[in-house]
Amino acid sequence: MGIVNVTPDSFSDGGLHLDPGRAVERGMEMLEEGADILDIGGESTRPGADPVPAEEELRRILPVVKALRAAAPALLSVDTSKAEVAAAVLDEGADIINDIDAVRLEPRLLRSVAEAGAGLILMHMKGTPRTMQVQPHYQDVVAEVREFLGQRLDVAQAYGVAPESIVLDPGIGFGKRLEDNLVLLRSLDGLAGLGRPLLVGVSRKSFIGKILNAQPQDRLEGTIAASVLALAGGAHILRVHDVRAVKRAALVADAILAGEPSAPPGERREPRYAQ
Ligand code: HH2
């Protein structure tokens, strides 16, 4: 999954794709690099980020969703927690809603997803982007994340979202200390019992910066290491900025894990969980 942030303030690529033309260009480039899904976002979720009103979020992303829908047969995901935004992008043909809030604030978002027969990503976060890094603390981070995601999975299904449309995400970097992120990445099998595919987003995140003492633009090797280990641990979807590099690493990792080479970039293949 390639990240297209149409924001002025995202932590690693803020402002780069705020112009809709640039965002579409980068999305198309990521598809050529081997992305199977594009995740389009109009609000930064970095720690301490200010919320963006729905109108502004839509102003940023709608032209991008429309243009990519017209130009590309790829799966389009939209990173939003707002029901109004989700309804509007689903009307424009978006395939997936990626909600970092796991639909705690706006459960009516679930009705739109269910009606559209769309995909849904439910992510674990402790608190909100504003508060999440203020002294997060867990007794047992894997158990807490598993319980939270299990509950949100039940709620989504109660609203009529088909279980096979749902992907779960431990929310690396969202209300977690360095050690919590490391434990989660080491223990993805602890979430396998929920029976849904896992998405993992480590790309350029600050836990890598802390280990390497490196700025976001200088975290590629760390991103690749964490992504490959996530794959080996059972992740099905990797959400990344650097599609070309991670895709190539993932193809080699996948071939080792599966015992046979998988399709190179550009050739679509069935997701592993569908086989
Ligand atoms: N991480 C970010 C945003 N959305 N969605 C899911 N499902 N999982 C993630 O790990 C995740 C996410 C943060 O990364 P980025 O989009 O690069 O930064 P920003 O939120 O500052 O735009």
# chains A, B, ... in the order shown; residues from 1 in each chain; ligands from 1
>>> closest_atom_pairs(of="chain A", to="ligand 1", cutoff="6 Å", atoms="only C-alpha atoms and all ligand atoms", output="JSON lines")
{"residue": "A:Asn5", "atom": "CA", "partner": "ligand 1", "partner_atom_place_in_ligand_line": "22 (O)", "distance": 5.7}
{"residue": "A:Ser10", "atom": "CA", "partner": "ligand 1", "partner_atom_place_in_ligand_line": "21 (O)", "distance": 3.3}
{"residue": "A:Phe11", "atom": "CA", "partner": "ligand 1", "partner_atom_place_in_ligand_line": "21 (O)", "distance": 4.1}
{"residue": "A:Ser44", "atom": "CA", "partner": "ligand 1", "partner_atom_place_in_ligand_line": "22 (O)", "distance": 3.6}
{"residue": "A:Thr45", "atom": "CA", "partner": "ligand 1", "partner_atom_place_in_ligand_line": "20 (O)", "distance": 3.5}
{"residue": "A:Arg46", "atom": "CA", "partner": "ligand 1", "partner_atom_place_in_ligand_line": "21 (O)", "distance": 4.1}
{"residue": "A:Asn98", "atom": "CA", "partner": "ligand 1", "partner_atom_place_in_ligand_line": "7 (N)", "distance": 5.6}
{"residue": "A:Ile100", "atom": "CA", "partner": "ligand 1", "partner_atom_place_in_ligand_line": "5 (N)", "distance": 5.4}
{"residue": "A:Met123", "atom": "CA", "partner": "ligand 1", "partner_atom_place_in_ligand_line": "7 (N)", "distance": 5.5}
{"residue": "A:Asp169", "atom": "CA", "partner": "ligand 1", "partner_atom_place_in_ligand_line": "7 (N)", "distance": 5.9}
{"residue": "A:Gly171", "atom": "CA", "partner": "ligand 1", "partner_atom_place_in_ligand_line": "10 (O)", "distance": 4.9}
{"residue": "A:Ile172", "atom": "CA", "partner": "ligand 1", "partner_atom_place_in_ligand_line": "10 (O)", "distance": 5.3}
{"residue": "A:Val200", "atom": "CA", "partner": "ligand 1", "partner_atom_place_in_ligand_line": "10 (O)", "distance": 5.9}
{"residue": "A:Gly201", "atom": "CA", "partner": "ligand 1", "partner_atom_place_in_ligand_line": "10 (O)", "distance": 3.5}
>>> closest_residue(among="A:Arg244, A:Arg146, A:Arg22, A:Arg219", to="Thr7 in chain A", atoms="only C-alpha atoms")
A:Arg22
>>> residues_around(residues="Gly27 in chain A", least_positions_apart="2", cutoff="9 Å", atoms="only C-alpha atoms", output="number ranges by chain")
A: 2-4, 22-25, 29-32, 35, 38-40, 68
>>> atom_distance(atom1="CA of Leu168 in chain A", atom2="CA of Leu120 in chain A")
8.5 Å
>>> select_by_dssp(residues="range 35-193 of chain A", states="strand (DSSP E or B)", output="VMD selection string")
chain A and resid 37 to 41 75 to 79 96 to 99 119 to 123 166 to 169
>>> atom_distance(atom1="CA of Gln139 in chain A", atom2="CA of Ala214 in chain A")
29.2 Å
>>> closest_residue(among="A:Asp254, A:Glu147, A:Glu179, A:Glu84", to="Ala230 in chain A", atoms="only C-alpha atoms")
A:Asp254
>>> closest_residue(among="A:Ala94, A:Val65, A:Ala72, A:Leu199", to="Leu185 in chain A", atoms="only C-alpha atoms")
A:Leu199
>>> select_by_dssp(residues="range 93-208 of chain A", states="alpha helix (DSSP H)", output="VMD selection string")
chain A and resid 109 to 116 141 to 158 178 to 186 206 to 208
>>> atom_distance(atom1="CA of Gly233 in chain A", atom2="CA of Ala74 in chain A")
26.1 Å
>>> residues_around(residues="range 187-191 of chain A", least_positions_apart="4", cutoff="12 Å", atoms="only C-alpha atoms", output="ChimeraX atom specification")
/A:124,140-150,167-172,180-183,195-200,229-236
>>> decode(residues="range 79-112 of chain A", atoms="C-alpha atoms", output="JSON list (two decimals), in the first residue's frame")
[["chain", "number", "residue", "atom", "x", "y", "z"],
["A", 79, "ASP", "CA", -7.26, 7.46, 5.32],
["A", 80, "THR", "CA", -10.06, 9.16, 7.26],
["A", 81, "SER", "CA", -12.02, 8.88, 10.49],
["A", 82, "LYS", "CA", -14.85, 11.18, 9.39],
["A", 83, "ALA", "CA", -18.18, 9.73, 8.29],
["A", 84, "GLU", "CA", -18.84, 12.66, 5.95],
["A", 85, "VAL", "CA", -15.51, 12.23, 4.20],
["A", 86, "ALA", "CA", -15.94, 8.45, 3.96],
["A", 87, "ALA", "CA", -19.42, 8.80, 2.39],
["A", 88, "ALA", "CA", -18.15, 11.32, -0.19],
["A", 89, "VAL", "CA", -15.13, 9.28, -1.29],
["A", 90, "LEU", "CA", -17.11, 6.04, -1.44],
["A", 91, "ASP", "CA", -19.52, 7.86, -3.78],
["A", 92, "GLU", "CA", -16.52, 8.64, -5.96],
["A", 93, "GLY", "CA", -15.55, 4.98, -6.14],
["A", 94, "ALA", "CA", -13.01, 4.58, -3.33],
["A", 95, "ASP", "CA", -12.65, 0.89, -2.41],
["A", 96, "ILE", "CA", -11.44, 1.02, 1.19],
["A", 97, "ILE", "CA", -11.78, 3.26, 4.25],
["A", 98, "ASN", "CA", -8.68, 3.26, 6.46],
["A", 99, "ASP", "CA", -9.74, 4.50, 9.88],
["A", 100, "ILE", "CA", -6.97, 5.02, 12.43],
["A", 101, "ASP", "CA", -9.69, 5.66, 15.01],
["A", 102, "ALA", "CA", -11.30, 2.24, 14.36],
["A", 103, "VAL", "CA", -14.68, 4.02, 14.15],
["A", 104, "ARG", "CA", -14.91, 4.96, 17.84],
["A", 105, "LEU", "CA", -15.95, 8.58, 17.22],
["A", 106, "GLU", "CA", -18.15, 8.26, 14.16],
["A", 107, "PRO", "CA", -19.80, 4.82, 13.99],
["A", 108, "ARG", "CA", -22.12, 6.00, 11.20],
["A", 109, "LEU", "CA", -19.05, 5.72, 8.96],
["A", 110, "LEU", "CA", -19.72, 1.97, 9.21],
["A", 111, "ARG", "CA", -23.12, 2.32, 7.53],
["A", 112, "SER", "CA", -21.55, 3.92, 4.45]]
